[in-house]
file final20.txt (compact mmCIF, C-alpha atoms and all ligand atoms)
# COMPACT_ATOMS: atom_id res chain seq x y z
CA MET A 18 -2.31 36.21 59.64
CA LEU A 19 1.31 35.52 58.74
CA ALA A 20 1.91 33.57 55.54
CA SER A 21 4.24 30.61 56.17
CA LYS A 22 7.62 31.19 54.52
CA MET A 23 8.98 28.38 52.35
CA ILE A 24 12.72 27.93 52.76
CA THR A 25 14.59 26.37 49.86
CA PRO A 26 16.78 23.57 51.23
CA ALA A 27 20.54 23.88 50.66
CA LEU A 28 20.51 20.15 49.91
CA GLU A 29 17.71 17.71 49.39
CA LEU A 30 17.99 14.01 48.65
CA ARG A 31 14.84 12.31 47.39
CA GLN A 32 14.49 8.56 47.60
CA LEU A 33 18.13 7.84 46.82
CA HIS A 34 19.22 4.30 46.08
CA LYS A 35 22.65 2.89 45.32
CA ILE A 36 23.11 -0.65 44.15
CA PHE A 37 26.69 -1.78 43.54
CA PRO A 38 27.05 -4.57 41.01
CA LEU A 39 29.44 -7.22 42.32
CA LYS A 40 31.87 -8.62 39.79
CA GLY A 41 31.49 -12.36 39.59
CA GLY A 42 28.90 -12.29 42.35
CA MET A 43 29.37 -13.07 46.02
CA ARG A 44 27.98 -15.78 48.31
CA SER A 45 25.58 -14.76 51.08
CA ILE A 46 25.81 -16.46 54.50
CA PHE A 47 22.93 -18.68 53.29
CA GLY A 48 24.91 -19.71 50.20
CA ALA A 49 22.90 -17.72 47.65
CA ASN A 50 24.83 -16.02 44.86
CA LEU A 51 24.58 -12.25 45.24
CA GLU A 52 25.26 -10.23 42.10
CA SER A 53 24.64 -6.82 43.57
CA HIS A 54 24.78 -5.06 46.90
CA ILE A 55 22.17 -2.54 48.04
CA ALA A 56 24.32 0.08 49.80
CA VAL A 57 21.66 2.82 50.05
CA ASN A 58 17.98 2.00 50.13
CA ASN A 59 15.49 4.85 49.73
CA VAL A 60 17.18 7.70 51.60
CA SER A 61 15.51 11.11 51.70
CA LEU A 62 16.74 14.10 53.64
CA CYS A 63 16.50 17.85 53.68
CA LEU A 64 19.23 20.22 54.82
CA LYS A 65 18.12 23.78 55.55
CA PRO A 66 20.60 26.60 54.77
CA LYS A 67 23.05 27.42 57.56
CA THR A 68 22.27 24.24 59.45
CA VAL A 69 24.27 21.11 60.16
CA LEU A 70 23.02 17.60 59.59
CA GLY A 71 24.76 14.50 60.86
CA LEU A 72 24.22 11.03 59.42
CA VAL A 73 24.68 8.37 62.05
CA GLY A 74 24.82 4.66 61.43
CA GLU A 75 26.93 1.57 61.80
CA SER A 76 29.93 0.97 59.57
CA GLY A 77 28.79 -0.02 56.10
CA SER A 78 25.31 1.45 56.47
CA GLY A 79 25.82 3.76 53.49
CA LYS A 80 26.70 7.17 54.99
CA SER A 81 29.71 7.83 52.74
CA THR A 82 27.85 6.49 49.71
CA CYS A 83 25.05 9.01 50.42
CA GLY A 84 27.58 11.84 50.69
CA LEU A 85 29.32 10.86 47.48
CA MET A 86 26.01 10.73 45.62
CA ALA A 87 25.01 14.13 47.06
CA MET A 88 28.25 15.54 45.63
CA ARG A 89 27.61 13.72 42.33
CA LEU A 90 30.96 11.95 42.76
CA LEU A 91 29.06 8.68 42.55
CA GLU A 92 26.04 8.08 40.32
CA ALA A 93 22.82 7.25 42.14
CA THR A 94 21.02 4.15 40.90
CA GLN A 95 17.72 5.89 41.54
CA GLY A 96 16.48 9.10 43.17
CA GLN A 97 17.04 12.82 42.90
CA ILE A 98 19.51 15.38 44.27
CA PHE A 99 18.60 19.05 44.68
CA VAL A 100 21.12 21.78 45.52
CA ASN A 101 19.59 25.14 46.46
CA GLY A 102 16.34 23.98 44.88
CA GLN A 103 17.96 22.95 41.60
CA ASP A 104 17.70 19.36 40.41
CA VAL A 105 21.33 18.43 39.73
CA THR A 106 20.73 14.69 39.35
CA ASN A 107 21.50 14.66 35.64
CA PHE A 108 23.84 17.64 35.42
CA ASP A 109 26.91 17.07 33.26
CA HIS A 110 30.46 17.99 34.25
CA ALA A 111 30.21 21.59 32.98
CA GLN A 112 26.87 22.17 34.69
CA LEU A 113 28.24 20.77 37.96
CA LYS A 114 31.24 23.11 38.04
CA PRO A 115 29.50 26.12 39.68
CA ILE A 116 27.55 23.79 41.99
CA ARG A 117 30.75 22.11 43.19
CA ARG A 118 32.20 25.48 44.20
CA GLN A 119 29.54 25.51 46.92
CA MET A 120 30.40 22.04 48.21
CA GLN A 121 33.33 20.56 50.08
CA ILE A 122 34.08 16.98 50.97
CA ILE A 123 36.43 16.00 53.78
CA PHE A 124 37.53 12.42 53.30
CA GLN A 125 37.47 10.11 56.28
CA ASN A 126 41.03 8.82 55.90
CA SER A 127 42.48 11.88 54.23
CA TYR A 128 46.10 10.78 54.79
N1 LIG B 1 32.52 0.76 45.19
C1 LIG B 1 31.85 -0.14 45.90
N2 LIG B 1 31.54 -1.35 45.40
C2 LIG B 1 30.84 -2.26 46.10
N3 LIG B 1 30.37 -2.04 47.34
C3 LIG B 1 30.65 -0.85 47.90
C4 LIG B 1 31.40 0.16 47.24
N4 LIG B 1 31.50 1.24 48.06
C5 LIG B 1 30.86 0.91 49.18
N5 LIG B 1 30.35 -0.35 49.11
C6 LIG B 1 29.58 -1.04 50.13
O1 LIG B 1 28.42 -0.25 50.38
C7 LIG B 1 28.10 -0.29 51.77
C8 LIG B 1 28.04 1.12 52.31
O2 LIG B 1 29.36 1.62 52.38
P1 LIG B 1 29.69 3.08 52.95
O3 LIG B 1 31.16 3.27 52.76
O4 LIG B 1 28.78 4.07 52.34
O5 LIG B 1 29.34 2.91 54.50
P2 LIG B 1 29.58 3.93 55.71
O6 LIG B 1 28.27 4.05 56.43
O7 LIG B 1 30.19 5.19 55.21
O8 LIG B 1 30.62 3.13 56.61
P3 LIG B 1 31.78 3.70 57.59
O9 LIG B 1 31.09 4.15 58.85
O10 LIG B 1 32.66 2.51 57.83
O11 LIG B 1 32.49 4.80 56.89
C9 LIG B 1 29.14 -1.19 52.43
O12 LIG B 1 28.59 -2.49 52.52
C10 LIG B 1 30.30 -1.15 51.45
O13 LIG B 1 31.07 -2.34 51.52
MG MG B 2 32.03 6.21 55.62
call {"tool": "encode", "arguments": {"input": "final20.txt", "output": "structure tokens"}}
result
Amino acid sequence: MLASKMITPALELRQLHKIFPLKGGMRSIFGANLESHIAVNNVSLCLKPKTVLGLVGESGSGKSTCGLMAMRLLEATQGQIFVNGQDVTNFDHAQLKPIRRQMQIIFQNSY
């Protein structure tokens, strides 16, 4: 019998959340005062090495926010980020340096 081979994901996001505090609050359509905005709510995903993963969703659904958190360019409110099996969620700038050499972001409106 063949033993099943575990593949370490190139990237794994575990239960990521991002809540943006809103300065001075904001009024909802029902008139309630909103002091924060939940941009990403419990996102988990796994990217196998040498594969491509597309995030699809309407504008404002949190795709870019997920990407920025995966790159550690934006702090997650909650959740964990693994790169090649390594938990980089709380890595400092120096620790992130070699990790960032393996990542590349292409900004939407690069001009
Ligand atoms: N710095 C910020 N402060 C407050 N709210 C933010 C901030 N950045 C993003 N948001 C809000 O978080 C939500 C998710 O934004 P995000 O840019 O991740 O969406 P998106 O899916 O990438 O949209 P698009 O398809 O238009 O690129 C939106 O409601 C956006 O207004
Ligand atoms: Mg976007």
call {"tool": "closest_residue", "arguments": {"input": "final20.txt", "among": "A:Arg89, A:Asn59, A:Cys83, A:His54", "to": "Gln112 (chain A)", "atoms": "all atoms listed in the file"}}
result
A:Arg89
call {"tool": "closest_atom_pairs", "arguments": {"input": "final20.txt", "of": "chain A", "to": "ligand LIG 1 (chain B)", "cutoff": "8 Å", "atoms": "all atoms listed in the file", "output": "JSON lines"}}
result
{"residue": "A:Phe37", "atom": "CA", "partner": "B:LIG1", "partner_atom": "C2", "distance": 4.9}
{"residue": "A:Pro38", "atom": "CA", "partner": "B:LIG1", "partner_atom": "C2", "distance": 6.8}
{"residue": "A:Leu39", "atom": "CA", "partner": "B:LIG1", "partner_atom": "C2", "distance": 6.4}
{"residue": "A:His54", "atom": "CA", "partner": "B:LIG1", "partner_atom": "N3", "distance": 6.4}
{"residue": "A:Ile55", "atom": "CA", "partner": "B:LIG1", "partner_atom": "O1", "distance": 7.1}
{"residue": "A:Ala56", "atom": "CA", "partner": "B:LIG1", "partner_atom": "O1", "distance": 4.2}
{"residue": "A:Val57", "atom": "CA", "partner": "B:LIG1", "partner_atom": "C8", "distance": 7.0}
{"residue": "A:Val73", "atom": "CA", "partner": "B:LIG1", "partner_atom": "O6", "distance": 7.9}
{"residue": "A:Gly74", "atom": "CA", "partner": "B:LIG1", "partner_atom": "O6", "distance": 6.1}
{"residue": "A:Glu75", "atom": "CA", "partner": "B:LIG1", "partner_atom": "O9", "distance": 5.7}
{"residue": "A:Ser76", "atom": "CA", "partner": "B:LIG1", "partner_atom": "O9", "distance": 3.5}
{"residue": "A:Gly77", "atom": "CA", "partner": "B:LIG1", "partner_atom": "O5", "distance": 3.4}
{"residue": "A:Ser78", "atom": "CA", "partner": "B:LIG1", "partner_atom": "O6", "distance": 3.9}
{"residue": "A:Gly79", "atom": "CA", "partner": "B:LIG1", "partner_atom": "O4", "distance": 3.2}
{"residue": "A:Lys80", "atom": "CA", "partner": "B:LIG1", "partner_atom": "O6", "distance": 3.8}
{"residue": "A:Ser81", "atom": "CA", "partner": "B:LIG1", "partner_atom": "O7", "distance": 3.6}
{"residue": "A:Thr82", "atom": "CA", "partner": "B:LIG1", "partner_atom": "O4", "distance": 3.7}
{"residue": "A:Cys83", "atom": "CA", "partner": "B:LIG1", "partner_atom": "O4", "distance": 6.5}
{"residue": "A:Gln125", "atom": "CA", "partner": "B:LIG1", "partner_atom": "O11", "distance": 7.3}
call {"tool": "residues_around", "arguments": {"input": "final20.txt", "residues": "Asp104 (chain A)", "least_positions_apart": "2", "cutoff": "12 Å", "atoms": "all atoms listed in the file", "output": "PDB file with C-alpha atoms, keeping the file's coordinate frame"}}
result
ATOM      1  CA  PRO A  26      16.780  23.570  51.230  1.00  0.00           C
ATOM      2  CA  ALA A  27      20.540  23.880  50.660  1.00  0.00           C
ATOM      3  CA  LEU A  28      20.510  20.150  49.910  1.00  0.00           C
ATOM      4  CA  GLU A  29      17.710  17.710  49.390  1.00  0.00           C
ATOM      5  CA  LEU A  30      17.990  14.010  48.650  1.00  0.00           C
ATOM      6  CA  ARG A  31      14.840  12.310  47.390  1.00  0.00           C
ATOM      7  CA  ALA A  87      25.010  14.130  47.060  1.00  0.00           C
ATOM      8  CA  ARG A  89      27.610  13.720  42.330  1.00  0.00           C
ATOM      9  CA  GLY A  96      16.480   9.100  43.170  1.00  0.00           C
ATOM     10  CA  GLN A  97      17.040  12.820  42.900  1.00  0.00           C
ATOM     11  CA  ILE A  98      19.510  15.380  44.270  1.00  0.00           C
ATOM     12  CA  PHE A  99      18.600  19.050  44.680  1.00  0.00           C
ATOM     13  CA  VAL A 100      21.120  21.780  45.520  1.00  0.00           C
ATOM     14  CA  ASN A 101      19.590  25.140  46.460  1.00  0.00           C
ATOM     15  CA  GLY A 102      16.340  23.980  44.880  1.00  0.00           C
ATOM     16  CA  THR A 106      20.730  14.690  39.350  1.00  0.00           C
ATOM     17  CA  ASN A 107      21.500  14.660  35.640  1.00  0.00           C
ATOM     18  CA  PHE A 108      23.840  17.640  35.420  1.00  0.00           C
ATOM     19  CA  ASP A 109      26.910  17.070  33.260  1.00  0.00           C
ATOM     20  CA  GLN A 112      26.870  22.170  34.690  1.00  0.00           C
ATOM     21  CA  LEU A 113      28.240  20.770  37.960  1.00  0.00           C
ATOM     22  CA  ILE A 116      27.550  23.790  41.990  1.00  0.00           C
TER      23      ILE A 116
END
call {"tool": "atom_distance", "arguments": {"input": "final20.txt", "atom1": "CA of Gln95 (chain A)", "atom2": "CA of Lys35 (chain A)"}}
result
6.9 Å
call {"tool": "residues_around", "arguments": {"input": "final20.txt", "residues": "Lys40 (chain A)", "least_positions_apart": "6", "cutoff": "12 Å", "atoms": "all atoms listed in the file", "output": "ChimeraX atom specification"}}
result
/A:50-54
call {"tool": "closest_residue", "arguments": {"input": "final20.txt", "among": "A:Leu85, A:Val69, A:Ala111, A:Val60", "to": "ligand MG 2 (chain B)", "atoms": "all atoms listed in the file"}}
result
A:Leu85
call {"tool": "closest_residue", "arguments": {"input": "final20.txt", "among": "A:Leu33, A:Val105, A:Ile122, A:Leu64", "to": "ligand MG 2 (chain B)", "atoms": "all atoms listed in the file"}}
result
A:Ile122
call {"tool": "closest_residue", "arguments": {"input": "final20.txt", "among": "A:Gln103, A:Arg118, A:Gly84, A:Ala93", "to": "ligand MG 2 (chain B)", "atoms": "all atoms listed in the file"}}
result
A:Gly84
call {"tool": "atom_distance", "arguments": {"input": "final20.txt", "atom1": "CA of Ile24 (chain A)", "atom2": "CA of Leu62 (chain A)"}}
result
14.4 Å
